[in-house]
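What follows is a set of notes on a single structure, which appears directly below.
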Amino acid sequence: MAFHCRTEAAKFLGVGIGIFCTLLAFSFAELERVKHPIKKDGSLSFLVIGDWGRSGSYNQSEVAFQMGRIGEQLDIDFVISTGDNFYEDGLKSVSDPLFKDSFSKVYTAQSLQKPWYSILGNHDYRGNVGAQLSPELRKIDSRWFCRRSFILKSDIAEFFFVDTTPFVDDYFYDPEHIYHWKGVMPRTSYLTSLLRDLEKALRESNAKWKIVVGHHAIRSAGHHGDTRELIQLLLPMMKANNVDMYMNGHDHCLEHITSHDSSIQYLTSGGGSKAWRGDVKHYNRLTTKFFYDGQGFMSVKLSEENAHILFYDVFGNTLHEWRLTNELLSDM
Ligand SMILES: *[C@@H]1O[C@H](CO)[C@@H](O)[C@H](O)[C@H]1NC(C)=O
């Protein structure tokens, strides 16, 4: 659409309209779409990990080892990273050794040599954002795929990756850290256009499973707790468009939270390295199905009818398990 608009219109109607069309195309084609095939049996399996890059320390390597083992068992199709990919301050440049030390040299198992669909966390915004988004990194490790926001499409599920850091007011008034907002300013237009594109994509999606992925939690019992701005701006359109799951990191723990006002499952997988914070603040006995303060990760297996979600600790033990039936199908 964008391509057609730019070339054809410019050719026949002059450059002025071409530029106008380019501007239009920009404001309507913000969300890049990526396709991933499902397995022959119609299923899709993946791991979810967040808050990890610490050159193997704080049990990052131990978690990575178990991810490799479980990844092989499930024959995973890809890995999702919920952000805070490189500590403490993202990457300095595309040649920052941290990329290899915290990613390539840590997640070495054969089963993990799959695409890593990644978004940015608040710590990544303290570094060179452009470096993490750069195609140059794929020359170093072809698994790496990182965007601010994008849509991953497969035949049974659609994943809406959302750049949540610019939503959070606190980072814009944080005197202790520098965040690199180039590409995000002016903030209001960035958020408005992101929300508009997202709402449209959610509305038009006819995927069996709709999954939204962000760095910050919408619901969390852990240290940071719920994210007010996401409850206000993102959650209403998720509810209105039958989103099944929201996956995030940020709190360095593993969580499964439900709610009374929708069927959305809130899943935190932020146990990629440093954990054991020891401050469970907002534990609600009725909605918190599972909370674990230590390191670990999550696996998801989707078929058209069912979702099977598991959480693992640093030894690969299953901590929590949950099965969902597709509501769209059971309604029929
Ligand atoms: C690594 O994991 C073990 C087992 O959960 C835990 O006892 C230990 O404290 C962890 N180490 C760190 C640095 O978090």
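Chains: A, B, ... in order of the structure tokens. Residues: from 1 per chain. Ligands: from 1, in order shown.
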
**Request:** Please provide the set of residues having any atom within 9 Å of Leu319 of chain A, restricted to only C-alpha atoms, with same-chain residues fewer than 2 positions apart removed, written as a list in words.
**Result:**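 Counting only C-alpha atoms, the residues come to Phe290, Tyr292, Leu310, Phe311, Tyr312, Asp313, Gly316, Asn317 and Glu321 of chain A.
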
Can you list every residue of chain A that has an atom at most 8 Å from ligand 1, with its nearest atom pair and the distance in Å to one decimal, using only C-alpha atoms and all ligand atoms, ordered by chain then number, as CSV?
residue,atom,partner,partner_atom_place_in_ligand_line,distance
A:Ser57,CA,ligand 1,13 (C),7.2
A:Tyr58,CA,ligand 1,13 (C),4.0
A:Asn59,CA,ligand 1,1 (C),5.0
A:Glu62,CA,ligand 1,1 (C),7.8
A:Ser273,CA,ligand 1,14 (O),7.3
A:Lys274,CA,ligand 1,14 (O),5.7
A:Ala275,CA,ligand 1,14 (O),5.7
A:Trp276,CA,ligand 1,14 (O),6.3
A:Gly294,CA,ligand 1,5 (O),6.2
A:Gln295,CA,ligand 1,5 (O),6.6
A:Asp313,CA,ligand 1,5 (O),7.0
A:Val314,CA,ligand 1,5 (O),5.8
A:Phe315,CA,ligand 1,4 (C),7.4

**Asked** Quick one: residues within 9 Å of segment 196-203 of chain A, only C-alpha atoms counted, chain neighbours fewer than 3 positions away excluded, as a ChimeraX atom specification?
**Response** /A:27-31,151,160,162,191-193,206,210,234,237-238,240-243

Using the selection just defined, write its residues with all heavy atoms as a short mmCIF file (atom, residue, chain, number, x, y, z; two decimals), in the first residue's frame.
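The resulting file, part.cif, is reproduced below:
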data_model
loop_
_atom_site.label_atom_id
_atom_site.label_comp_id
_atom_site.auth_asym_id
_atom_site.auth_seq_id
_atom_site.Cartn_x
_atom_site.Cartn_y
_atom_site.Cartn_z
N SER A 27 1.83 7.43 8.75
CA SER A 27 0.96 7.47 9.91
C SER A 27 0.01 6.28 9.96
O SER A 27 -0.58 6.01 10.97
CB SER A 27 0.20 8.79 9.96
OG SER A 27 -0.48 8.97 8.73
N PHE A 28 -0.11 5.53 8.86
CA PHE A 28 -1.01 4.38 8.89
C PHE A 28 -0.27 3.04 8.92
O PHE A 28 -0.87 2.01 9.13
CB PHE A 28 -1.97 4.41 7.71
CG PHE A 28 -3.04 5.43 7.87
CD1 PHE A 28 -3.06 6.58 7.12
CD2 PHE A 28 -4.03 5.25 8.83
CE1 PHE A 28 -4.05 7.53 7.30
CE2 PHE A 28 -5.02 6.20 9.02
CZ PHE A 28 -5.03 7.35 8.25
N ALA A 29 1.02 3.07 8.65
CA ALA A 29 1.74 1.80 8.55
C ALA A 29 2.83 1.69 9.62
O ALA A 29 3.89 1.18 9.38
CB ALA A 29 2.33 1.67 7.15
N GLU A 30 2.53 2.21 10.80
CA GLU A 30 3.50 2.20 11.89
C GLU A 30 3.90 0.78 12.30
O GLU A 30 5.05 0.50 12.56
CB GLU A 30 2.90 2.90 13.11
CG GLU A 30 2.89 4.40 13.01
CD GLU A 30 4.20 5.02 13.45
OE1 GLU A 30 4.86 4.41 14.31
OE2 GLU A 30 4.55 6.09 12.94
N LEU A 31 2.90 -0.09 12.40
CA LEU A 31 3.17 -1.39 12.97
C LEU A 31 3.63 -2.39 11.91
O LEU A 31 2.86 -2.83 11.07
CB LEU A 31 1.92 -1.93 13.68
CG LEU A 31 1.56 -1.19 14.97
CD1 LEU A 31 0.28 -1.76 15.56
CD2 LEU A 31 2.68 -1.29 15.99
N ILE A 151 3.78 -6.53 15.02
CA ILE A 151 2.78 -7.60 15.09
C ILE A 151 3.37 -8.87 14.50
O ILE A 151 3.95 -8.85 13.41
CB ILE A 151 1.50 -7.20 14.32
CG1 ILE A 151 0.85 -6.00 15.04
CG2 ILE A 151 0.53 -8.37 14.23
CD1 ILE A 151 -0.32 -5.42 14.30
N PHE A 160 0.72 -9.01 19.59
CA PHE A 160 0.83 -7.56 19.45
C PHE A 160 1.89 -7.08 20.43
O PHE A 160 1.63 -7.01 21.64
CB PHE A 160 -0.52 -6.91 19.72
CG PHE A 160 -1.62 -7.44 18.84
CD1 PHE A 160 -2.29 -8.63 19.16
CD2 PHE A 160 -1.96 -6.80 17.67
CE1 PHE A 160 -3.29 -9.15 18.34
CE2 PHE A 160 -2.97 -7.29 16.83
CZ PHE A 160 -3.62 -8.47 17.16
N VAL A 162 4.04 -4.39 22.18
CA VAL A 162 3.81 -2.97 22.46
C VAL A 162 4.98 -2.37 23.25
O VAL A 162 5.41 -2.93 24.27
CB VAL A 162 2.51 -2.77 23.26
CG1 VAL A 162 2.21 -1.30 23.43
CG2 VAL A 162 1.34 -3.47 22.57
N LEU A 191 2.45 8.17 21.33
CA LEU A 191 1.51 7.28 22.01
C LEU A 191 0.16 7.26 21.30
O LEU A 191 -0.44 6.19 21.15
CB LEU A 191 1.33 7.72 23.47
CG LEU A 191 2.56 7.56 24.38
CD1 LEU A 191 2.25 8.04 25.79
CD2 LEU A 191 3.05 6.12 24.40
N THR A 192 -0.30 8.42 20.84
CA THR A 192 -1.59 8.47 20.15
C THR A 192 -1.57 7.61 18.91
O THR A 192 -2.48 6.82 18.67
CB THR A 192 -1.93 9.93 19.76
OG1 THR A 192 -1.78 10.74 20.91
CG2 THR A 192 -3.35 10.04 19.25
N SER A 193 -0.50 7.75 18.11
CA SER A 193 -0.48 6.99 16.86
C SER A 193 -0.28 5.51 17.13
O SER A 193 -0.86 4.65 16.47
CB SER A 193 0.56 7.59 15.89
OG SER A 193 1.70 6.81 15.82
N ASN A 206 -8.58 -11.51 13.15
CA ASN A 206 -9.52 -12.60 13.38
C ASN A 206 -8.79 -13.84 13.89
O ASN A 206 -9.22 -14.96 13.71
CB ASN A 206 -10.33 -12.90 12.11
CG ASN A 206 -9.42 -13.08 10.91
OD1 ASN A 206 -8.21 -13.26 11.08
ND2 ASN A 206 -9.97 -13.05 9.71
N LYS A 210 -5.45 -13.99 20.64
CA LYS A 210 -4.87 -12.65 20.58
C LYS A 210 -4.02 -12.45 21.84
O LYS A 210 -4.55 -12.54 22.96
CB LYS A 210 -5.96 -11.58 20.52
CG LYS A 210 -6.73 -11.55 19.22
CD LYS A 210 -7.70 -10.37 19.23
CE LYS A 210 -8.68 -10.46 18.09
NZ LYS A 210 -9.66 -9.36 18.12
N LEU A 234 -4.20 1.12 27.62
CA LEU A 234 -4.07 -0.10 26.82
C LEU A 234 -5.15 -1.13 27.17
O LEU A 234 -5.72 -1.77 26.28
CB LEU A 234 -2.66 -0.69 27.04
CG LEU A 234 -2.27 -1.89 26.21
CD1 LEU A 234 -2.33 -1.58 24.72
CD2 LEU A 234 -0.85 -2.35 26.59
N MET A 237 -8.82 -1.25 25.36
CA MET A 237 -8.91 -1.78 24.00
C MET A 237 -8.60 -3.27 23.96
O MET A 237 -9.04 -3.98 23.07
CB MET A 237 -8.01 -0.98 23.03
CG MET A 237 -6.54 -1.15 23.18
SD MET A 237 -5.63 -0.33 21.84
CE MET A 237 -5.92 1.39 22.21
N MET A 238 -7.88 -3.76 24.95
CA MET A 238 -7.65 -5.21 25.04
C MET A 238 -8.94 -5.92 25.41
O MET A 238 -9.28 -6.95 24.85
CB MET A 238 -6.56 -5.50 26.07
CG MET A 238 -5.16 -5.17 25.58
SD MET A 238 -3.89 -5.26 26.88
CE MET A 238 -4.21 -6.85 27.62
N ALA A 240 -12.01 -4.77 24.97
CA ALA A 240 -13.00 -4.58 23.91
C ALA A 240 -12.75 -5.50 22.72
O ALA A 240 -13.67 -5.77 21.96
CB ALA A 240 -13.00 -3.12 23.46
N ASN A 241 -11.52 -5.97 22.57
CA ASN A 241 -11.19 -6.77 21.39
C ASN A 241 -10.80 -8.21 21.73
O ASN A 241 -10.06 -8.85 20.98
CB ASN A 241 -10.08 -6.07 20.59
CG ASN A 241 -10.57 -4.79 19.96
OD1 ASN A 241 -11.36 -4.81 19.02
ND2 ASN A 241 -10.14 -3.66 20.50
N ASN A 242 -11.29 -8.69 22.86
CA ASN A 242 -11.15 -10.11 23.23
C ASN A 242 -9.72 -10.62 23.25
O ASN A 242 -9.43 -11.69 22.72
CB ASN A 242 -11.97 -10.99 22.27
CG ASN A 242 -13.42 -10.61 22.28
OD1 ASN A 242 -14.01 -10.43 23.35
ND2 ASN A 242 -13.98 -10.43 21.10
N VAL A 243 -8.82 -9.86 23.84
CA VAL A 243 -7.45 -10.35 24.01
C VAL A 243 -7.47 -11.47 25.04
O VAL A 243 -8.17 -11.40 26.05
CB VAL A 243 -6.52 -9.19 24.42
CG1 VAL A 243 -5.18 -9.70 24.91
CG2 VAL A 243 -6.35 -8.22 23.26
#

**Item:** For Glu32 of chain A, the nearest of the candidates A:Leu194, A:Ile70, A:Ile49, A:Ala307, counting only C-alpha atoms
**Value:** A:Leu194

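Distances here use only C-alpha atoms; by that measure, the residue among A:Thr82, A:Asn326, A:Glu304, A:Ser134 closest to Ala217 of chain A is A:Thr82.
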
Find the residues of segment 30-138 of chain A that sit at most 12 Å from segment 173-187 of chain A; for each, write down the nearest two atoms and how far apart they are in Å, to one decimal. Count only C-alpha atoms. Sort by chain, then by number going up, and give it as a Markdown table.
| residue | atom | partner | partner_atom | distance |
| --- | --- | --- | --- | --- |
| A:Glu88 | CA | A:His177 | CA | 10.9 |
| A:Asp89 | CA | A:Tyr179 | CA | 9.2 |
| A:Gly90 | CA | A:Tyr179 | CA | 10.4 |
| A:Leu91 | CA | A:His180 | CA | 11.8 |
| A:Lys92 | CA | A:His180 | CA | 11.5 |
| A:Leu120 | CA | A:His180 | CA | 11.9 |
| A:Gly121 | CA | A:Tyr179 | CA | 11.1 |
| A:Asn122 | CA | A:Tyr179 | CA | 8.1 |
| A:His123 | CA | A:Tyr179 | CA | 8.4 |
| A:Asp124 | CA | A:Tyr179 | CA | 8.7 |
| A:Tyr125 | CA | A:Tyr179 | CA | 5.3 |
| A:Arg126 | CA | A:Tyr179 | CA | 4.5 |
| A:Gly127 | CA | A:His180 | CA | 6.8 |
| A:Asn128 | CA | A:His180 | CA | 7.2 |
| A:Val129 | CA | A:His180 | CA | 7.0 |
| A:Gly130 | CA | A:Lys182 | CA | 9.0 |
| A:Ala131 | CA | A:His180 | CA | 11.7 |
| A:Leu133 | CA | A:Gly183 | CA | 11.7 |

**Request:** Write out as a PyMOL selection string all residues of segment 14-259 of chain A that DSSP puts in strand (DSSP E or B) for this structure's backbone.
**Result:** chain A and resi 32-35+44-49+53+78-81+86+116-118+144-146+150-153+157-162+209-214+245-248+254-257
